Structures are given as C-alpha cells and as structure tokens.
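Let me begin by presenting the structure, written as structure tokens, before commenting on it.
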Amino acid sequence: MSVSRLYLIAAGMLLIGYAVFNKGFAYVGVAPIFISEVFLAFSFFLILAGSYSSRVFGSPLVWIIILFISWGAIRTFPYIQEYGMNALRDAVVWGYAFYAIFIAAALLQGRLVGQVPRWFSTWFPWFLVIAPILYMMGQLIGDRLPKWPGTETSFIHMKPGDMAVHLAGVAGFLGLGLHRRFLRPGERISQVKEFSLWMIWGIGVIAAGSRNRGGMLSVFLACSIVLLFKPMGRLNRVILPALIVVFIGLAFDIRIPVGGDRYFSVQQILDNIESVVSKSDKTQLTGTASWRLEWWSKIYQETVHGEYFWDGRGYGVDLSKVHNFADSTRNRSPHNGHLTILSRSGMPGLVLWVVFLGLVGILLLQGYFRMRSLGQYDLADINVWCLVYMSAFMVNSSFDVYLEGPQGGIWFWALMGFVIALTEEQRLLYAQSMASLRSEPRTSPGRL
C-alpha cells in the first residue's frame with residue numbers, strides 16, 4: 001500500500017473522530033500537544049518524504065492558500081513572545097490551511113479522488129445513527145460523563161451546530177443521489193433503507209436545530225442548493241419522511257429538555273425559525289444575538305473604518321477582553337470566523353479569505369458544467385455536493401467558534417483539499433477530452 005493511501009486512511013479516521021465525537025475527540029493527547037498537532041506534524045513529514053504530487057501547485061487555490069498562510073504568519077510571529085501558546089492557539093485559523101495542501105497532494109499522488117465519495121457513503125449512515133445519540137447523552141448526562149484531565153470537556157461533547165454541518169453534507173449526498181452511484185461492489189440500497197436514512201437524518205436535524213440556529217440554517221441552505229440543481233429529482237424521497245417526523249413531533253408534542261429553557265422538539269425548531277426571520281419574544285433566543293451583533297459592530301468599526309485596517313490586532317490578543325465581551329465561557333473569538341480573520345489579520349487577510357472562497361465556488365460551478373458537457377453526470381454532482389458542504393461550513397462558522405477549532409477547521413480545510421484535487425483532475429479530464437475532439441494525437445481520458 002502506498003504512503004499516500006496510508007496517509008489518507010489516517011486522515012479519514014481523524015475526520016471521522018472529529019465528526020462523531022466532535023469537541024471531545026479534539027482533546028485526545030497531552031496538553032499542549034493534541035491529536036491535531038500530531039497529525040499536522042505527520043503531514044509535514046509526508047511532504048518532506050516526497051510522497052506527494054507537484055500537480056497540486058497547478059491549482060490557483062493553492063497559491064491563494066499560501067498567501068493566506070503567509071499573511072497569517074506575519075500577523076502571528078511578532079506576538080508569540082508576548083502571548084506564547086495563545087498566539088499559536090489563535091493561529092490555527094490559518095494554520096489548519098496546510099491540511100488542504102497536504103490532502104490535495106496525497107489525493108493527486110495516488111489518483112484517489114474518486115475514492116472520497118465511496119469513503120463518505122460507507123461511514124455517513126453510522127454517523128446518522130451514532131452522532132444524535134452521543135449528542136443527547138451529552139445534553140442529558142453531560143455533567144456525569146468523565147472529563148479529559150485538566151479540562152471541563154467530557155469525552156463525549158457534541159456541539160449541535162457542528163453536527164448540523166455534517167447533516168447538511170449528508171443531505172447533499174443523499175439529495176443528489178450520490179449514495180446510489182458510489183457503492184461498494186455488490187452493494188445496493190433498497191427503498192426501505194433509503195427511506196430509513198432520511199427518517200434518521202430528520203431526527204438528527206430536529207436534535208441539532210432545536211439547540212442551534214446556525215446549524216439549522218446550514219441544513220436549510222444545503223437543501224436549498226440541492227433543490228436548485230435537482231428541482232424535482234428526489235423530493236418524493238425527502239418530503240414523506242420529513243412530514244412523518246414533523247407530524248409525530250407536533251401531534252404528540254414530544255419534548256426532551258436540553259437546558260436553557262430549550263427542548264429537543266419540532267416546536268423548538270419553529271421557535272428558532274421565528275427568531276431568525278422576525279423579532280422573537282423568546283428571551284433565550286434573542287439574548288445571544290444582541291451581544292454578537294454588538295461585538296461584530298465593534299470589530300467592523302475598528303478595522304474597516306479604524307486604525308486596524310491594514311494589520312488587524314494580530315494573533316494572540318484575547319478579543320473578548322479588548323472588546324469588553326469576556327464572560328464565564330472564556331471564548332476568545334467573536335463567534336464568527338470571518339470576523340475573527342478580519343479582526344486579527346485586517347482587511348488584507350479578509351480579502352484573501354473572500355477571494356479564496358469565491359474562487360472555490362467558481363471552480364466548482366465550472367467543473368459542474370464541464371462534466372455535464374462531457375456526459376459525466378456523477379462527477380458533475382460531486383461539485384454540487386462540495387458546494388453544499390462548503391456552504392454549511394460557512395453558515396455555521398458565521399454564528400459559532402467553529403473554524404477556530406480542530407473539529408471545524410480541520411474538516412473544512414480537508415474538504416478544500418478534496419476540492420483542489422477534484423478540480424485539478426476534472427480540469428485534466430476536460431482538457432484531454434477537448435484535445436481528442438479536436439483530432440489531436442489521441443490520449444486516453446484521465447480518471448478520477
């Protein structure tokens with residue numbers, strides 16, 4: 001087995017750990033060295049060993065990432081002496097971007113891009129079953145679960161918004177029908193199994209959406225994108241299970257208390273929707289929104305219109321203290337990854353970030369239309385799936401400290417690594433197909 005394949009298997013296990021056990025998995029290790037740092041060091045070793053494809057540097061996304069990392073490093077190194085580990089801890093916002101380059105390089109080296117959807121189709125049904133159970137355990141008996149030494153974090157600590165992001169990714173995968181097209185040899189999915197998957201998915205969405213508005217919006221946006229590209233394709237498989245779950249939840253008023261005057265229930269979902277689209281009279285829903293908006297306004301004023309326009313405050317300073325929003329949660333960041341980048345890296349950092357995200361969207365749409373023009377509809381839909389997943393990450397990171405932690409940051413940049421490899425392979429396939437059509441010397445089509 002090749003080194004690149006072994007590396008990707010290890011990366012897959014890491015991602016599954018973060019998806020299923022979430023924040024609890026992030027503390028595997030001994031402070032200040034945790035599993036994310038160990039695997040990042042292993043990734044550097046892989047590059048030094050030469051087990052990567054130089055084709056990765058043909059992607060414009062990689063060069064924007066390199067610029068993003070470089071600017072982040074410039075805004076971090078001057079503060080290490082003053083803030084120590086806090087500077088390095090805050091720097092993961094740009095530091096985790098290395099994962100995108102490493103994973104893309106390994107995927108291109110082993111020509112393993114086409115294996116990623118098969119890997120996802122293998123593990124996501126287990127996620128649908130296990131993640132909501134672990135989440136409810138954390139909500140109901142979290143204070144009695146064992147905790148990692150020296151922390152207040154239990155071994156099982158699932159954040160609802162984080163779970164919702166992966167539920168959005170699953171919705172895209174199921175809604176586009178990729179679970180039927182990327183099966184293991186001899187495997188098939190019956191109508192009953194597919195119906196069951198949607199039912200379990202709906203229960204997970206209610207669990208996450210009852211507690212987290214950002215997560216609920218992630219799922220809503222994901223489903224909207226799927227419907228945009230597949231207007232009537234799979235509505236019949238989604239609507240009936242959804243209606244059954246909603247009807248049972250409302251008819252029997254099923255509620256499970258999850259703290260903070262909130263419940264695991266369909267009605268809580270409706271309350272959350274009300275709080276997003278209009279002014280809600282639920283104080284527990286409006287309280288968090290008000291201080292977030294005030295904090296975000298301060299960051300906007302001092303960077304876009306203030307003295308921190310060019311260089312930001314840097315990595316290491318506690319943003320909650322300098323902006324007078326410190327509380328018992330000890331959150332250092334403003335619950336918005338985009339504004340974290342703006343506040344710490346200034347406008348140059350935010351511009352690089354926005355340009356990167358915009359180019360990702362452009363390349364995915366370009367890949368979608370190119371693959372459809374070649375009749376490669378399976379490959380075209382993978383681009384849409386990536387767009388769905390990325391959108392869910394962006395929404396949740398706009399309401400939570402998500403990209404600043406390994407369970408969100410590593411997953412996001414790993415997805416971007418797949419996008420880099422996918423778009424490069426599809427670019428090559430398209431170029432070879434066009435060359436063949438122009439009757440140039442025949443070359444065999446590329447493969448994913």
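Each chain of the structure tokens is named A, B, ... in the order shown, its residues numbered from 1; ligands are numbered from 1 in display order.
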Can you check which residues of segment 9-121 of chain A DSSP gives as strand (DSSP E or B) on the backbone and send them as a PyMOL selection string?
chain A and resi 22+29-30+33-34
So that I can check the surroundings of segment 84-86 of chain A, please list as a PyMOL selection string every protein, DNA and RNA residue that reaches within 12 Å of it, counting only C-alpha atoms and ignoring chain neighbours fewer than 4 positions away.
chain A and resi 31-33+76-80+90-92+314-319+332-333
Residues as selected, N, CA and C atoms, written as a PDB file, in the first residue's frame, can you do that?
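Listing of out-v6.pdb after writing:
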```
ATOM      1  N   ALA A  31      -1.824  17.876  26.786  1.00  0.00           N
ATOM      2  CA  ALA A  31      -1.659  19.311  26.588  1.00  0.00           C
ATOM      3  C   ALA A  31      -0.185  19.699  26.690  1.00  0.00           C
ATOM      4  N   PRO A  32       0.298  20.597  25.803  1.00  0.00           N
ATOM      5  CA  PRO A  32      -0.452  21.310  24.756  1.00  0.00           C
ATOM      6  C   PRO A  32      -0.413  20.601  23.394  1.00  0.00           C
ATOM      7  N   ILE A  33       0.021  19.340  23.366  1.00  0.00           N
ATOM      8  CA  ILE A  33       0.104  18.607  22.114  1.00  0.00           C
ATOM      9  C   ILE A  33      -1.081  17.656  22.012  1.00  0.00           C
ATOM     10  N   THR A  76       1.241  36.765  13.194  1.00  0.00           N
ATOM     11  CA  THR A  76       1.334  35.921  14.391  1.00  0.00           C
ATOM     12  C   THR A  76       2.695  35.979  15.055  1.00  0.00           C
ATOM     13  N   PHE A  77       3.758  35.824  14.282  1.00  0.00           N
ATOM     14  CA  PHE A  77       5.094  35.677  14.857  1.00  0.00           C
ATOM     15  C   PHE A  77       5.505  36.831  15.777  1.00  0.00           C
ATOM     16  N   PRO A  78       5.151  38.097  15.470  1.00  0.00           N
ATOM     17  CA  PRO A  78       5.544  39.188  16.383  1.00  0.00           C
ATOM     18  C   PRO A  78       4.892  39.098  17.762  1.00  0.00           C
ATOM     19  N   TYR A  79       3.844  38.282  17.901  1.00  0.00           N
ATOM     20  CA  TYR A  79       3.101  38.233  19.163  1.00  0.00           C
ATOM     21  C   TYR A  79       3.386  36.973  19.980  1.00  0.00           C
ATOM     22  N   ILE A  80       4.216  36.076  19.448  1.00  0.00           N
ATOM     23  CA  ILE A  80       4.487  34.825  20.159  1.00  0.00           C
ATOM     24  C   ILE A  80       5.212  35.080  21.469  1.00  0.00           C
ATOM     25  N   ASP A  90      -4.482  30.740  18.587  1.00  0.00           N
ATOM     26  CA  ASP A  90      -5.329  31.544  17.705  1.00  0.00           C
ATOM     27  C   ASP A  90      -4.933  31.384  16.240  1.00  0.00           C
ATOM     28  N   ALA A  91      -3.672  31.049  15.994  1.00  0.00           N
ATOM     29  CA  ALA A  91      -3.158  30.972  14.625  1.00  0.00           C
ATOM     30  C   ALA A  91      -3.674  29.770  13.845  1.00  0.00           C
ATOM     31  N   VAL A  92      -4.381  28.857  14.516  1.00  0.00           N
ATOM     32  CA  VAL A  92      -4.890  27.694  13.786  1.00  0.00           C
ATOM     33  C   VAL A  92      -5.905  28.102  12.725  1.00  0.00           C
ATOM     34  N   GLY A 314      -3.791  41.181  15.299  1.00  0.00           N
ATOM     35  CA  GLY A 314      -2.807  40.109  15.398  1.00  0.00           C
ATOM     36  C   GLY A 314      -3.352  38.903  16.151  1.00  0.00           C
ATOM     37  N   TYR A 315      -2.574  37.830  16.122  1.00  0.00           N
ATOM     38  CA  TYR A 315      -2.970  36.561  16.753  1.00  0.00           C
ATOM     39  C   TYR A 315      -2.294  36.426  18.109  1.00  0.00           C
ATOM     40  N   GLY A 316      -3.111  36.273  19.130  1.00  0.00           N
ATOM     41  CA  GLY A 316      -2.599  36.151  20.493  1.00  0.00           C
ATOM     42  C   GLY A 316      -3.401  36.964  21.485  1.00  0.00           C
ATOM     43  N   VAL A 317      -3.814  38.163  21.093  1.00  0.00           N
ATOM     44  CA  VAL A 317      -4.603  39.004  21.976  1.00  0.00           C
ATOM     45  C   VAL A 317      -5.985  38.379  22.163  1.00  0.00           C
ATOM     46  N   ASP A 318      -6.517  38.487  23.368  1.00  0.00           N
ATOM     47  CA  ASP A 318      -7.851  37.970  23.669  1.00  0.00           C
ATOM     48  C   ASP A 318      -8.881  38.995  23.201  1.00  0.00           C
ATOM     49  N   LEU A 319      -9.561  38.696  22.107  1.00  0.00           N
ATOM     50  CA  LEU A 319     -10.508  39.652  21.533  1.00  0.00           C
ATOM     51  C   LEU A 319     -11.676  39.943  22.463  1.00  0.00           C
ATOM     52  N   ARG A 332     -12.557  33.378  23.271  1.00  0.00           N
ATOM     53  CA  ARG A 332     -11.616  34.415  22.865  1.00  0.00           C
ATOM     54  C   ARG A 332     -12.006  35.036  21.522  1.00  0.00           C
ATOM     55  N   SER A 333     -12.938  34.426  20.830  1.00  0.00           N
ATOM     56  CA  SER A 333     -13.278  34.845  19.472  1.00  0.00           C
ATOM     57  C   SER A 333     -14.747  35.235  19.379  1.00  0.00           C
TER      58      SER A 333
END
```
Using only C-alpha atoms, which protein or nucleic acid residues come within 7 Å of segment 387-404 of chain A? Drop anything in the same chain fewer than 2 positions from it, and give the result as a list in words.
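Once the nearby chain positions are removed, what remains is Val92, Val93, Gly161, Val165, Ala168, Gly169, Gly172, Gly214, Gly215, Leu217, Ser218, Val219, Ala222, Ile225, Ser333, His335, Asn336, Gly337, His338, Gly361, Leu364, Asn383, Val384, Trp385, Pro406, Gly408, Gly409 and Phe412 of chain A.
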Can you tell me, as number ranges by chain, what residues are no more than 8 Å from Val113 of chain A when counting only C-alpha atoms, ignoring any on the same chain fewer than 5 positions away?
A: 107-108, 418, 421-422, 425, 448
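For the atom pair formed by atom CA of Glu424 of chain A and atom CA of Lys230 of chain A, the distance is 24.8 Å, given to one decimal.
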Selection: 12 Å around Trp123 of chain A, only C-alpha atoms, excl. self and same-chain fewer than 5 positions, as a PyMOL selection string
chain A and resi 12-13+15-17+19-20+116-118+128-131+166+170+179+183
A:Met137, A:Ala171, A:Met163, A:Asp378: which is nearest Trp198 of chain A, counting only C-alpha atoms?
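Checking each candidate against Trp198 of chain A, we get A:Ala171 as the closest.
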Excluding Glu152 of chain A and any residue of its chain fewer than 4 positions from it, enumerate the residues within 12 Å of it, using only C-alpha atoms, and give them as a short mmCIF file (atom, residue, chain, number, x, y, z; two decimals) with C-alpha atoms, in the first residue's frame.
```
data_model
loop_
_atom_site.label_atom_id
_atom_site.label_comp_id
_atom_site.auth_asym_id
_atom_site.auth_seq_id
_atom_site.Cartn_x
_atom_site.Cartn_y
_atom_site.Cartn_z
CA LYS A 23 -15.01 18.52 20.67
CA GLY A 24 -14.41 15.52 22.93
CA TYR A 27 -8.60 16.65 23.44
CA GLY A 142 -23.02 15.51 30.28
CA ASP A 143 -22.15 16.60 33.83
CA ARG A 144 -21.77 12.96 34.88
CA LEU A 145 -19.58 11.87 31.98
CA PRO A 146 -15.81 11.54 32.53
CA LYS A 147 -13.79 14.59 31.53
CA TRP A 148 -10.41 14.98 29.95
CA ILE A 156 -18.42 12.98 24.67
CA HIS A 157 -19.04 16.61 23.71
CA THR A 329 -17.38 30.85 28.76
CA ARG A 330 -13.83 32.17 28.22
#
```
Can you list, as JSON, numbers by chain, every protein, DNA or RNA residue that comes within 12 Å of Ser297 of chain A when you count only C-alpha atoms, leaving out same-chain residues fewer than 2 positions away?
{"A": [290, 291, 292, 293, 294, 295, 299, 300, 301, 302, 303, 304, 305, 306, 323, 334, 336, 339, 342, 343]}
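You will find atom CA of Gly367 of chain A at 23.3 Å from atom CA of Tyr52 of chain A.
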Two-atom distance - atom CA of Ile65 of chain A, atom CA of Leu352 of chain A (Å):
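We find that atom CA of Ile65 of chain A and atom CA of Leu352 of chain A lie 8.2 Å from each other.
Using only C-alpha atoms for every distance, the candidate list A:Ser59, A:Thr122, A:Ser70, A:Gln81 yields A:Ser59 as the residue closest to Ala100 of chain A.
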